[in-house]
Each structure stands twice: as C-alpha cells, then as structure tokens.
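**Student:** Structure supplied as work-v5.cif; contents: mmCIF, C-alpha atoms.
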```
data_input
loop_
_atom_site.group_PDB
_atom_site.id
_atom_site.type_symbol
_atom_site.label_atom_id
_atom_site.label_comp_id
_atom_site.auth_asym_id
_atom_site.auth_seq_id
_atom_site.Cartn_x
_atom_site.Cartn_y
_atom_site.Cartn_z
ATOM 1 C CA MET S 55 154.214 -39.195 117.576
ATOM 2 C CA LYS S 56 151.714 -39.218 114.713
ATOM 3 C CA LYS S 57 153.402 -42.242 113.134
ATOM 4 C CA LYS S 58 153.327 -44.083 116.456
ATOM 5 C CA PHE S 59 149.634 -43.349 116.838
ATOM 6 C CA ILE S 60 148.916 -44.690 113.336
ATOM 7 C CA ILE S 61 150.823 -47.906 114.125
ATOM 8 C CA ILE S 62 148.846 -48.416 117.332
ATOM 9 C CA LEU S 63 145.570 -47.719 115.505
ATOM 10 C CA ILE S 64 146.418 -50.191 112.748
ATOM 11 C CA PHE S 65 147.343 -52.819 115.338
ATOM 12 C CA PHE S 66 144.089 -52.277 117.218
ATOM 13 C CA LEU S 67 141.986 -52.472 114.049
ATOM 14 C CA SER S 68 143.839 -55.640 113.021
ATOM 15 C CA LEU S 69 142.891 -57.263 116.324
ATOM 16 C CA VAL S 70 139.244 -56.306 115.852
ATOM 17 C CA VAL S 71 139.187 -57.639 112.285
ATOM 18 C CA PHE S 72 140.920 -60.854 113.414
ATOM 19 C CA SER S 73 138.337 -61.385 116.179
ATOM 20 C CA VAL S 74 135.426 -60.898 113.783
ATOM 21 C CA ILE S 75 136.911 -63.239 111.166
ATOM 22 C CA ARG S 76 137.852 -65.798 113.830
ATOM 23 C CA ASP S 77 134.332 -65.933 115.281
ATOM 24 C CA PHE S 78 132.808 -66.098 111.794
ATOM 25 C CA VAL S 79 135.041 -69.021 110.846
ATOM 26 C CA ILE S 80 134.262 -70.920 114.075
ATOM 27 C CA LYS S 81 130.525 -70.269 113.617
ATOM 28 C CA SER S 82 130.723 -71.620 110.068
ATOM 29 C CA ILE S 83 132.576 -74.734 111.255
ATOM 30 C CA VAL S 84 129.957 -75.417 113.948
ATOM 31 C CA THR S 85 127.164 -75.029 111.383
ATOM 32 C CA VAL S 86 128.774 -77.352 108.820
ATOM 33 C CA VAL S 87 129.776 -80.029 111.346
ATOM 34 C CA VAL S 88 126.370 -80.265 113.045
ATOM 35 C CA THR S 89 124.567 -80.279 109.672
ATOM 36 C CA ASN S 90 126.777 -83.079 108.358
ATOM 37 C CA VAL S 91 126.525 -85.167 111.521
ATOM 38 C CA THR S 92 122.733 -84.928 111.863
ATOM 39 C CA GLY S 93 121.561 -84.450 108.277
ATOM 40 C CA ALA S 94 119.457 -81.524 109.500
ATOM 41 C CA PRO S 95 120.034 -77.934 108.273
ATOM 42 C CA THR S 96 121.561 -75.908 111.105
ATOM 43 C CA ARG S 97 121.988 -72.162 111.608
ATOM 44 C CA VAL S 98 123.964 -70.243 114.227
ATOM 45 C CA GLY S 99 122.970 -66.628 114.843
ATOM 46 C CA GLY S 100 126.057 -65.490 116.713
ATOM 47 C CA LEU S 101 129.252 -66.773 118.297
ATOM 48 C CA SER S 102 131.867 -65.051 120.417
ATOM 49 C CA LEU S 103 135.085 -66.568 121.745
ATOM 50 C CA SER S 104 137.056 -65.152 124.661
ATOM 51 C CA ILE S 105 140.586 -66.523 124.839
ATOM 52 C CA ILE S 106 141.242 -64.694 128.106
ATOM 53 C CA ARG S 107 138.126 -66.112 129.824
ATOM 54 C CA GLN S 108 138.461 -69.459 128.009
ATOM 55 C CA SER S 109 134.780 -69.292 127.125
ATOM 56 C CA VAL S 110 132.441 -69.358 124.127
ATOM 57 C CA LYS S 111 128.936 -67.934 123.801
ATOM 58 C CA ILE S 112 126.648 -69.224 121.036
ATOM 59 C CA THR S 113 123.325 -67.484 120.364
ATOM 60 C CA ASN S 114 120.237 -68.307 118.287
ATOM 61 C CA PHE S 115 121.209 -71.885 117.439
ATOM 62 C CA LYS S 116 118.493 -73.481 115.321
ATOM 63 C CA MET S 117 118.317 -76.945 113.794
ATOM 64 C CA TYR S 118 115.570 -77.582 111.260
ATOM 65 C CA SER S 119 113.799 -80.817 110.327
ATOM 66 C CA PRO S 120 115.695 -82.956 107.777
ATOM 67 C CA LYS S 121 114.751 -83.411 104.122
ATOM 68 C CA GLY S 122 111.258 -84.803 103.576
ATOM 69 C CA PHE S 123 109.658 -82.714 106.336
ATOM 70 C CA PRO S 124 108.108 -79.239 106.572
ATOM 71 C CA LYS S 125 110.711 -76.590 107.354
ATOM 72 C CA ASP S 126 109.836 -76.446 111.050
ATOM 73 C CA VAL S 127 112.433 -75.695 113.711
ATOM 74 C CA MET S 128 113.424 -78.948 115.421
ATOM 75 C CA VAL S 129 115.829 -77.533 118.020
ATOM 76 C CA ASP S 130 115.681 -73.891 119.151
ATOM 77 C CA ILE S 131 118.469 -72.877 121.550
ATOM 78 C CA PRO S 132 118.671 -69.122 122.200
ATOM 79 C CA MET S 133 121.839 -69.446 124.283
ATOM 80 C CA MET S 134 124.737 -71.849 124.874
ATOM 81 C CA ASN S 135 127.538 -70.946 127.272
ATOM 82 C CA VAL S 136 130.780 -72.902 127.168
ATOM 83 C CA THR S 137 133.749 -73.028 129.527
ATOM 84 C CA CYS S 138 136.598 -74.599 127.599
ATOM 85 C CA ASP S 139 140.294 -75.178 127.109
ATOM 86 C CA VAL S 140 140.862 -73.120 123.966
ATOM 87 C CA PHE S 141 144.374 -74.453 123.429
ATOM 88 C CA SER S 142 143.286 -78.117 123.520
ATOM 89 C CA ILE S 143 142.537 -77.821 119.815
ATOM 90 C CA LEU S 144 146.307 -77.641 119.236
ATOM 91 C CA LYS S 145 146.430 -81.209 120.577
ATOM 92 C CA GLY S 146 143.825 -82.311 118.064
ATOM 93 C CA LYS S 147 140.894 -82.439 120.482
ATOM 94 C CA ILE S 148 138.150 -80.069 121.609
ATOM 95 C CA TYR S 149 137.883 -80.045 125.392
ATOM 96 C CA LEU S 150 134.886 -78.375 127.038
ATOM 97 C CA LYS S 151 134.838 -78.250 130.820
ATOM 98 C CA GLU S 152 131.194 -77.213 131.028
ATOM 99 C CA LEU S 153 128.392 -76.624 128.534
ATOM 100 C CA ALA S 154 125.141 -74.895 129.547
ATOM 101 C CA VAL S 155 122.324 -75.349 127.002
ATOM 102 C CA ASP S 156 119.143 -73.283 127.253
ATOM 103 C CA LEU S 157 116.707 -75.217 125.052
ATOM 104 C CA ARG S 158 113.659 -73.042 124.458
ATOM 105 C CA GLU S 159 111.779 -75.412 122.148
ATOM 106 C CA MET S 160 112.111 -78.940 120.783
ATOM 107 C CA GLY S 161 110.001 -79.643 117.688
ATOM 108 C CA LEU S 162 108.682 -83.158 117.005
ATOM 109 C CA VAL S 163 107.199 -83.472 113.494
ATOM 110 C CA LYS S 164 105.322 -86.327 111.829
ATOM 111 C CA ASN S 165 105.122 -85.846 108.059
ATOM 112 C CA LYS S 166 102.307 -86.907 105.714
ATOM 113 C CA ASP S 167 103.862 -90.379 105.393
ATOM 114 C CA GLY S 168 103.774 -90.873 109.158
ATOM 115 C CA LYS S 169 107.547 -90.582 109.592
ATOM 116 C CA LEU S 170 109.104 -88.629 112.470
ATOM 117 C CA ASN S 171 111.776 -85.987 111.952
ATOM 118 C CA VAL S 172 113.873 -87.154 114.925
ATOM 119 C CA ASP S 173 113.926 -90.750 113.635
ATOM 120 C CA SER S 174 115.064 -89.558 110.200
ATOM 121 C CA LEU S 175 118.279 -87.977 111.506
ATOM 122 C CA LYS S 176 121.609 -89.570 110.616
ATOM 123 C CA ILE S 177 122.295 -90.317 114.276
ATOM 124 C CA SER S 178 119.013 -92.264 114.507
ATOM 125 C CA GLN S 179 119.839 -94.259 111.376
ATOM 126 C CA ALA S 180 123.426 -95.040 112.404
ATOM 127 C CA LYS S 181 122.529 -98.241 114.261
ATOM 128 C CA LYS S 182 120.961 -99.636 111.067
ATOM 129 C CA GLN S 183 124.242 -99.293 109.192
ATOM 130 C CA ALA S 184 125.949 -102.447 110.428
ATOM 131 C CA GLY S 185 129.716 -102.260 110.359
ATOM 132 C CA LYS S 186 129.647 -98.574 109.456
ATOM 133 C CA PRO S 187 129.419 -96.619 112.702
ATOM 134 C CA ALA S 188 129.391 -92.862 112.404
ATOM 135 C CA LYS S 189 132.752 -91.287 113.073
ATOM 136 C CA SER S 190 132.933 -89.353 116.313
ATOM 137 C CA MET S 191 134.531 -85.948 116.509
ATOM 138 C CA PRO S 192 137.495 -85.586 118.857
ATOM 139 C CA LEU S 193 135.408 -83.978 121.578
ATOM 140 C CA GLN S 194 135.260 -84.192 125.360
ATOM 141 C CA ILE S 195 132.678 -82.436 127.544
ATOM 142 C CA ASP S 196 132.985 -82.946 131.288
ATOM 143 C CA LEU S 197 129.605 -81.552 132.280
ATOM 144 C CA VAL S 198 126.422 -80.594 130.392
ATOM 145 C CA GLU S 199 123.606 -78.620 132.002
ATOM 146 C CA LEU S 200 120.449 -78.873 129.909
ATOM 147 C CA ASN S 201 117.569 -76.497 130.615
ATOM 148 C CA ILE S 202 114.483 -77.859 128.785
ATOM 149 C CA GLY S 203 111.678 -75.428 127.983
ATOM 150 C CA ARG S 204 108.906 -77.060 125.963
ATOM 151 C CA VAL S 205 108.254 -79.674 123.304
ATOM 152 C CA VAL S 206 105.978 -78.819 120.362
ATOM 153 C CA SER S 207 104.525 -81.780 118.453
ATOM 154 C CA ARG S 208 103.124 -81.242 114.927
ATOM 155 C CA ASP S 209 101.299 -84.057 113.136
ATOM 156 C CA TYR S 210 100.935 -83.513 109.370
ATOM 157 C CA SER S 211 99.747 -87.080 108.721
ATOM 158 C CA VAL S 212 96.135 -86.107 109.451
ATOM 159 C CA SER S 213 93.777 -84.462 106.982
ATOM 160 C CA GLY S 214 93.397 -80.692 107.136
ATOM 161 C CA GLU S 215 95.443 -78.580 109.527
ATOM 162 C CA PRO S 216 98.271 -80.305 111.463
ATOM 163 C CA VAL S 217 97.513 -81.421 114.999
ATOM 164 C CA ILE S 218 99.666 -79.405 117.393
ATOM 165 C CA LYS S 219 100.349 -80.380 120.993
ATOM 166 C CA VAL S 220 102.614 -78.465 123.370
ATOM 167 C CA TYR S 221 104.280 -80.063 126.392
ATOM 168 C CA GLU S 222 105.522 -77.525 128.921
ATOM 169 C CA VAL S 223 108.494 -79.252 130.549
ATOM 170 C CA GLY S 224 110.494 -76.604 132.391
ATOM 171 C CA VAL S 225 113.217 -78.723 133.988
ATOM 172 C CA ARG S 226 116.988 -78.633 134.299
ATOM 173 C CA LYS S 227 119.040 -81.807 133.924
ATOM 174 C CA THR S 228 122.735 -82.537 134.291
ATOM 175 C CA TYR S 229 124.925 -85.018 132.401
ATOM 176 C CA LYS S 230 128.612 -85.884 132.308
ATOM 177 C CA ASN S 231 131.277 -87.357 130.041
ATOM 178 C CA ILE S 232 130.014 -86.516 126.553
ATOM 179 C CA ASN S 233 132.523 -87.452 123.869
ATOM 180 C CA SER S 234 131.026 -86.722 120.438
ATOM 181 C CA VAL S 235 128.714 -84.366 118.593
ATOM 182 C CA GLN S 236 126.443 -87.354 117.854
ATOM 183 C CA GLN S 237 126.182 -88.130 121.546
ATOM 184 C CA LEU S 238 125.441 -84.527 122.485
ATOM 185 C CA THR S 239 122.758 -84.168 119.797
ATOM 186 C CA ALA S 240 121.048 -87.443 120.737
ATOM 187 C CA LEU S 241 121.153 -86.420 124.384
ATOM 188 C CA ILE S 242 119.480 -83.025 123.847
ATOM 189 C CA ILE S 243 116.730 -84.398 121.604
ATOM 190 C CA ALA S 244 115.988 -87.687 123.386
ATOM 191 C CA GLU S 245 116.026 -86.293 126.917
ATOM 192 C CA SER S 246 113.695 -83.448 125.936
ATOM 193 C CA LEU S 247 111.159 -85.877 124.475
ATOM 194 C CA LYS S 248 111.452 -88.198 127.478
ATOM 195 C CA ALA S 249 110.889 -85.293 129.849
ATOM 196 C CA ALA S 250 107.676 -84.486 127.974
ATOM 197 C CA GLY S 251 106.494 -88.060 128.446
ATOM 198 C CA ILE S 252 106.761 -88.984 124.737
ATOM 199 C CA ARG S 253 107.836 -92.614 124.368
ATOM 200 C CA GLY S 254 108.730 -95.230 121.787
ATOM 201 C CA LEU S 255 110.900 -93.238 119.372
ATOM 202 C CA GLY S 256 113.921 -94.455 117.415
ATOM 203 C CA ILE S 257 116.042 -91.552 118.677
ATOM 204 C CA TYR S 258 116.014 -93.201 122.111
ATOM 205 C CA GLY S 259 117.957 -96.133 120.700
ATOM 206 C CA ALA S 260 120.593 -93.777 119.336
ATOM 207 C CA SER S 261 120.770 -92.073 122.715
ATOM 208 C CA MET S 262 121.260 -95.378 124.541
ATOM 209 C CA LEU S 263 124.027 -96.414 122.155
ATOM 210 C CA THR S 264 125.984 -93.285 123.035
ATOM 211 C CA GLY S 265 126.247 -94.374 126.668
ATOM 212 C CA VAL S 266 125.372 -91.023 128.240
ATOM 213 C CA ALA S 267 125.926 -90.945 131.996
ATOM 214 C CA ALA S 268 123.064 -88.971 133.520
ATOM 215 C CA LEU S 269 123.315 -87.621 137.028
ATOM 216 C CA PRO S 270 120.235 -88.142 139.243
ATOM 217 C CA VAL S 271 117.536 -85.520 138.750
ATOM 218 C CA ALA S 272 113.941 -85.068 139.869
ATOM 219 C CA ALA S 273 110.986 -86.287 137.796
ATOM 220 C CA ALA S 274 110.371 -83.893 134.948
ATOM 221 C CA PHE S 275 106.745 -83.673 133.932
ATOM 222 C CA THR S 276 103.520 -84.532 135.731
ATOM 223 C CA LEU S 277 99.949 -83.627 134.899
ATOM 224 C CA ALA S 278 98.973 -82.981 138.520
ATOM 225 C CA GLY S 279 95.388 -82.458 137.402
ATOM 226 C CA LYS S 280 96.232 -79.330 135.429
ATOM 227 C CA ASP S 281 94.278 -79.262 132.191
ATOM 228 C CA TYR S 282 94.685 -75.694 131.005
ATOM 229 C CA ALA S 283 97.007 -73.210 129.337
ATOM 230 C CA GLN S 284 96.915 -69.460 129.987
ATOM 231 C CA GLN S 285 98.367 -66.525 128.065
ATOM 232 C CA ASP S 286 98.004 -62.726 128.161
ATOM 233 C CA TYR S 287 98.001 -60.848 124.845
ATOM 234 C CA SER S 288 98.475 -57.153 124.155
ATOM 235 C CA VAL S 289 95.603 -57.398 121.701
ATOM 236 C CA SER S 290 91.926 -56.416 121.838
ATOM 237 C CA TRP S 291 89.218 -58.820 123.017
ATOM 238 C CA ASP S 292 87.620 -58.919 119.547
ATOM 239 C CA LYS S 293 90.881 -59.854 117.840
ATOM 240 C CA VAL S 294 91.739 -62.658 120.262
ATOM 241 C CA TYR S 295 88.196 -64.036 120.027
ATOM 242 C CA GLU S 296 88.262 -63.924 116.220
ATOM 243 C CA VAL S 297 91.626 -65.680 115.979
ATOM 244 C CA GLY S 298 90.743 -68.186 118.705
ATOM 245 C CA LEU S 299 87.484 -69.120 117.007
ATOM 246 C CA GLY S 300 89.276 -69.532 113.679
ATOM 247 C CA VAL S 301 91.961 -71.794 115.156
ATOM 248 C CA ILE S 302 89.405 -73.978 116.927
ATOM 249 C CA LYS S 303 87.297 -74.308 113.752
ATOM 250 C CA GLU S 304 90.408 -75.412 111.853
ATOM 251 C CA SER S 305 91.328 -77.912 114.579
ATOM 252 C CA GLY S 306 87.970 -79.424 115.495
ATOM 253 C CA ILE S 307 84.225 -78.850 115.801
ATOM 254 C CA VAL S 308 82.753 -75.850 117.610
ATOM 255 C CA LYS S 309 79.874 -77.022 119.819
ATOM 256 C CA LYS S 310 78.966 -73.665 121.327
ATOM 257 C CA GLU S 311 80.314 -70.123 121.148
ATOM 258 C CA ASN S 312 79.324 -66.859 122.806
ATOM 259 C CA LYS S 313 81.239 -63.708 121.930
ATOM 260 C CA THR S 314 79.508 -61.722 124.681
ATOM 261 C CA THR S 315 80.908 -63.943 127.430
ATOM 262 C CA GLY S 316 84.031 -64.860 125.473
ATOM 263 C CA VAL S 317 83.518 -68.599 125.845
ATOM 264 C CA ILE S 318 83.954 -71.211 123.092
ATOM 265 C CA ASN S 319 83.298 -74.936 123.624
ATOM 266 C CA ALA S 320 84.600 -77.426 121.092
ATOM 267 C CA ASP S 321 85.530 -81.018 120.382
ATOM 268 C CA ILE S 322 89.088 -81.380 119.079
ATOM 269 C CA ARG S 323 89.779 -84.989 118.125
ATOM 270 C CA GLY S 324 87.876 -86.370 121.070
ATOM 271 C CA ALA S 325 89.075 -83.819 123.637
ATOM 272 C CA GLN S 326 86.552 -81.404 125.152
ATOM 273 C CA VAL S 327 88.158 -77.974 124.791
ATOM 274 C CA THR S 328 86.988 -74.679 126.288
ATOM 275 C CA LEU S 329 88.391 -71.236 125.489
ATOM 276 C CA LYS S 330 87.595 -68.438 127.953
ATOM 277 C CA LEU S 331 88.593 -64.790 127.475
ATOM 278 C CA GLN S 332 89.029 -62.083 130.086
ATOM 279 C CA GLU S 333 89.406 -58.419 129.126
ATOM 280 C CA LEU S 334 92.222 -56.883 131.147
ATOM 281 C CA SER S 335 92.076 -53.498 129.368
ATOM 282 C CA ASN S 336 91.163 -52.065 125.966
ATOM 283 C CA ASN S 337 94.190 -53.684 124.337
ATOM 284 C CA SER S 338 94.987 -56.477 126.750
ATOM 285 C CA THR S 339 93.220 -59.841 126.851
ATOM 286 C CA ARG S 340 93.779 -62.991 128.882
ATOM 287 C CA ALA S 341 93.001 -66.326 127.239
ATOM 288 C CA MET S 342 92.596 -69.581 129.142
ATOM 289 C CA ILE S 343 92.125 -72.902 127.356
ATOM 290 C CA SER S 344 91.215 -76.137 129.137
ATOM 291 C CA ALA S 345 91.079 -79.629 127.624
ATOM 292 C CA ARG S 346 89.946 -83.023 128.911
ATOM 293 C CA LYS S 347 89.434 -86.417 127.302
ATOM 294 C CA PHE S 348 87.562 -89.186 129.116
ATOM 295 C CA PHE S 349 87.658 -86.913 132.186
ATOM 296 C CA LEU S 350 91.470 -86.905 132.099
ATOM 297 C CA PRO S 351 93.399 -83.618 131.743
ATOM 298 C CA GLN S 352 95.005 -82.971 128.348
ATOM 299 C CA PRO S 353 97.342 -80.000 128.956
ATOM 300 C CA GLU S 354 99.287 -80.692 125.758
ATOM 301 C CA VAL S 355 96.090 -80.281 123.688
ATOM 302 C CA ALA S 356 95.197 -77.027 125.456
ATOM 303 C CA ALA S 357 98.736 -75.704 125.035
ATOM 304 C CA GLY S 358 98.716 -76.766 121.375
ATOM 305 C CA VAL S 359 95.626 -74.664 120.653
ATOM 306 C CA MET S 360 97.158 -71.742 122.554
ATOM 307 C CA TYR S 361 100.384 -72.133 120.561
ATOM 308 C CA ARG S 362 98.509 -71.782 117.252
ATOM 309 C CA ILE S 363 96.607 -68.741 118.532
ATOM 310 C CA SER S 364 99.881 -67.137 119.621
ATOM 311 C CA GLU S 365 101.455 -67.813 116.222
ATOM 312 C CA LYS S 366 98.555 -66.113 114.419
ATOM 313 C CA LEU S 367 98.609 -63.109 116.779
ATOM 314 C CA LYS S 368 102.307 -62.382 116.176
#
```
I need this file expressed as structure tokens, please.
**Tutor:**
Amino acid sequence: MKKKFIIILIFFLSLVVFSVIRDFVIKSIVTVVVTNVTGAPTRVGGLSLSIIRQSVKITNFKMYSPKGFPKDVMVDIPMMNVTCDVFSILKGKIYLKELAVDLREMGLVKNKDGKLNVDSLKISQAKKQAGKPAKSMPLQIDLVELNIGRVVSRDYSVSGEPVIKVYEVGVRKTYKNINSVQQLTALIIAESLKAAGIRGLGIYGASMLTGVAALPVAAAFTLAGKDYAQQDYSVSWDKVYEVGLGVIKESGIVKKENKTTGVINADIRGAQVTLKLQELSNNSTRAMISARKFFLPQPEVAAGVMYRISEKLK
C-alpha cells in the first residue's frame, strides 16, 4: 500500500512539474517570437495552458519601445484569453478560434530626433524592404476581440520635460481572419492609435498591407465638449497640490495659483489649463484638470497632466 501511494505521489508531482515547465517553455517562445518579429523587447508575466479546456491565459504582457527610444512601455496588456485547438500545432500550424485582448495602455513615443517608436518597428519597416517580405508565422486566428483602454503619447523632441498627452479611448472592436504575428501586432497598435484620433503614422501602412478584415463597430472617440480629466487620490490635499504645482511648472507657465482654494491656472504650450482640488477627507483628495486651446477642448492635454501627477503620487 505504501509503495502504491509513493508511485501515485511521484506521478502527481511529475504532472505538476511538467505543467510548470511546459508553461515556462511556451511563455519563453512567445517572448522570443514577438521580440524577433517586432524588434521591440517583450516580456510575459505569466502563461497557463489548459489542454482539457483548450484555452490559454496570458497575463502582464508588455512590449517596450525599440532601440533608440526611452524604455517606455509601448503595449501594456494585463490579460489575453485564448480559445484554441491545442493539437493543431502537431500539424505545423497554430490555430486560435478566439483571442480576447484587454489593452490597458498603448504608448506612442517620439524620441529626441523626432522619430516615432511605432514607425521604428520591424513590421513598419517591412514595406521598405522590397523583395524581402517578413516571413509570417503559421498562425490562424478566427476572431479577435480588442478592448482598447487609453493611448499615452510622450514627446521627447521638445526641450525640458517630455510633453505627455493621454487619450481615453475605452472601446471594444472585433476583427476576423488574422494569419500572422505581424498582422496581429500591426492591428493592435494601429487600431488603438486610430481610435484615439492620431493620424498619419507609418504603422498604418503596415496595418493596411496585412489586409485585416474589421467587422463594423461604432465610432471610437469623440470630444463631445469634454475638456477635463478627474481623479481621486488617497493622499492629503497638501501633497496633491504640491505635486500638481510641480508638474505644471515643469510642463508650462503658472499664471496664477492659490493653495487656499486649491486652484492653479497655467499655460501649457498654448493650452489654458486649470487644476482644481477638492478635499474629500483628511487623506482623500479629488483633482480635476481642464484644458482648452482657442476655445476648443483639449482632453488629451488635461489627461496628460493628470497622468504625470498620478505617476509622481505612486
């Protein structure tokens, strides 16, 4: 009986060890493949494969800007859920029935030379390499559901602190018939930037060349007169005011500030910006930032200032 128990225990432990090693190997393959295809360093936090459910869960997927750019996160995906045919790999092809991508943040970066990170990816440069198209992986995805959170734009080409703008997108889009890693990457990046209303980038050309078939969806991003960003912090009034004032001074010119009322007025590269604080409790403060330029709302400027304040209050 004791010997039988030991055999069962060994078998069970072997299965556990195999599962851990298997997931680690797959995670490493995903990291290497995406890095090689895009030219951008990629990290995968976790991966779990269920053969019984025919599903894969990928967590904390992050792609960073390519060489020649600050080490900012370009693609931040906390969660990807995949429904797949696990055994299709035995036929030499990866077949995914459905891929759900929860994109929290897309980072657009312009370096000091004025070049954009997304246009410096291998997939963006592929069309310039006549007669040498990038090889596609044997991949088929029937349906992709892309949930787009926000786009953060950082401009390092200006003097002083980088100009940061944040575009809150918050839409879900659906696509079909994806057949390569290049196509999937171009889709996620290009569609996120389009949804934020950012135009004229080289990555769009790469996206068009892939021939993505997009299903009809509603319009993604409209200003609708909204010119402000709002955030609650579990921090004292004094701390939020101090950090907010510092960020605004780094970004533009303070025209008027009053700590008693918690109001700061400033000019940030031509946009009239106002920060207003509201004390919710001793250690809870609400910040609201509005921005307008030529009487037109500039929500991305307001959200950019709020983003920098949030980063400094972490």
**Student:** Might you spell out which residues the PyMOL selection byres ((chain S and resi 156-172) around 6) would select in the displayed file, as a list in words?
**Tutor:**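 After applying the PyMOL selection byres ((chain S and resi 156-172) around 6), what remains is Ser119, Phe123, Met128, Val129, Asp130, Ile131, Met133, Val155, Asp173, Ser174, Leu175, Asn201, Ile202, Gly203, Arg204, Val205, Val206, Ser207, Arg208, Asp209, Tyr210 and Ser211 of chain S.
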**Student:** Find the distance between atom CA of Gly224 of chain S and atom CA of Leu200 of chain S and write it in Å to one decimal.
**Tutor:**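 Pair atom CA of Gly224 of chain S / atom CA of Leu200 of chain S returns 10.5 Å.
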**Student:** Quick one: of S:Ser305, S:Thr137, S:Ser344, S:Gln179, who's nearest to Pro216 of chain S, counting all atoms listed in the file?
**Tutor:**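 Using all atoms listed in the file, Pro216 of chain S sits closest to S:Ser305.
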**Student:** Between S:Lys116, S:Lys111, S:Lys176, S:Lys310, which one has atoms that come closest to Cys138 of chain S, using all atoms listed in the file?
**Tutor:** S:Lys111
**Student:** Atom CA of Ser335 of chain S to atom CA of Met360 of chain S: how many Å, to one decimal?
**Tutor:** 20.1 Å
**Student:** Using only C-alpha atoms, what residues lie at most 10 Å away from (97.1, -66.2, 119.3) (file coordinates), given as a ChimeraX atom specification?
**Tutor:** /S:285-287,289,293-298,301,341,359-368
**Student:** Taking all atoms listed in the file into account, which of S:Ile177, S:Ile105, S:Ala283, S:Ile195 comes nearest Lys147 of chain S?
**Tutor:**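 Using all atoms listed in the file, the shortest distance to Lys147 of chain S belongs to S:Ile195.
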**Student:** Produce the centre coordinates and the three edge lengths, each in Å to one decimal, of the box along x, y and z that contains all listed atoms of segment 295-312 of chain S with 4 Å added on each side, as lines of an AutoDock Vina configuration file.
**Tutor:**
```
center_x = 85.5
center_y = -71.7
center_z = 117.3
size_x = 21.0
size_y = 23.5
size_z = 19.0
```
**Student:** Between atom CA of Ala244 of chain S and atom CA of Pro192 of chain S, what distance in Å does the model show, to one decimal?
**Tutor:** 22.1 Å
**Student:** Just the residues within 8 Å of segment 96-104 of chain S, please, counting all atoms listed in the file, with nothing from its chain fewer than 2 positions along; format it as an NGL selection string.
**Tutor:** :S and (77-78 or 80-81 or 84-86 or 88-89 or 94 or 106-118)
**Student:** Those same residues, written as a PDB file, in the frame of the given file with C-alpha atoms?
**Tutor:**
```pdb
ATOM      1  CA  ASP S  77     134.332 -65.933 115.281  1.00  0.00           C
ATOM      2  CA  PHE S  78     132.808 -66.098 111.794  1.00  0.00           C
ATOM      3  CA  ILE S  80     134.262 -70.920 114.075  1.00  0.00           C
ATOM      4  CA  LYS S  81     130.525 -70.269 113.617  1.00  0.00           C
ATOM      5  CA  VAL S  84     129.957 -75.417 113.948  1.00  0.00           C
ATOM      6  CA  THR S  85     127.164 -75.029 111.383  1.00  0.00           C
ATOM      7  CA  VAL S  86     128.774 -77.352 108.820  1.00  0.00           C
ATOM      8  CA  VAL S  88     126.370 -80.265 113.045  1.00  0.00           C
ATOM      9  CA  THR S  89     124.567 -80.279 109.672  1.00  0.00           C
ATOM     10  CA  ALA S  94     119.457 -81.524 109.500  1.00  0.00           C
ATOM     11  CA  ILE S 106     141.242 -64.694 128.106  1.00  0.00           C
ATOM     12  CA  ARG S 107     138.126 -66.112 129.824  1.00  0.00           C
ATOM     13  CA  GLN S 108     138.461 -69.459 128.009  1.00  0.00           C
ATOM     14  CA  SER S 109     134.780 -69.292 127.125  1.00  0.00           C
ATOM     15  CA  VAL S 110     132.441 -69.358 124.127  1.00  0.00           C
ATOM     16  CA  LYS S 111     128.936 -67.934 123.801  1.00  0.00           C
ATOM     17  CA  ILE S 112     126.648 -69.224 121.036  1.00  0.00           C
ATOM     18  CA  THR S 113     123.325 -67.484 120.364  1.00  0.00           C
ATOM     19  CA  ASN S 114     120.237 -68.307 118.287  1.00  0.00           C
ATOM     20  CA  PHE S 115     121.209 -71.885 117.439  1.00  0.00           C
ATOM     21  CA  LYS S 116     118.493 -73.481 115.321  1.00  0.00           C
ATOM     22  CA  MET S 117     118.317 -76.945 113.794  1.00  0.00           C
ATOM     23  CA  TYR S 118     115.570 -77.582 111.260  1.00  0.00           C
TER      24      TYR S 118
END
```
**Student:** From the options S:Gly324, S:Trp291, S:Leu150, S:Val317, which residue's atoms come nearest to Asn336 of chain S, counting all atoms listed in the file?
**Tutor:**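 Smallest distance to Asn336 of chain S is found for S:Trp291.
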**Student:** Using only C-alpha atoms, can you tell me which of S:Ile143, S:Leu334, S:Arg323, S:Ile318 comes closest to Ile218 of chain S?
**Tutor:**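 Closest residue, counting only C-alpha atoms: S:Arg323.
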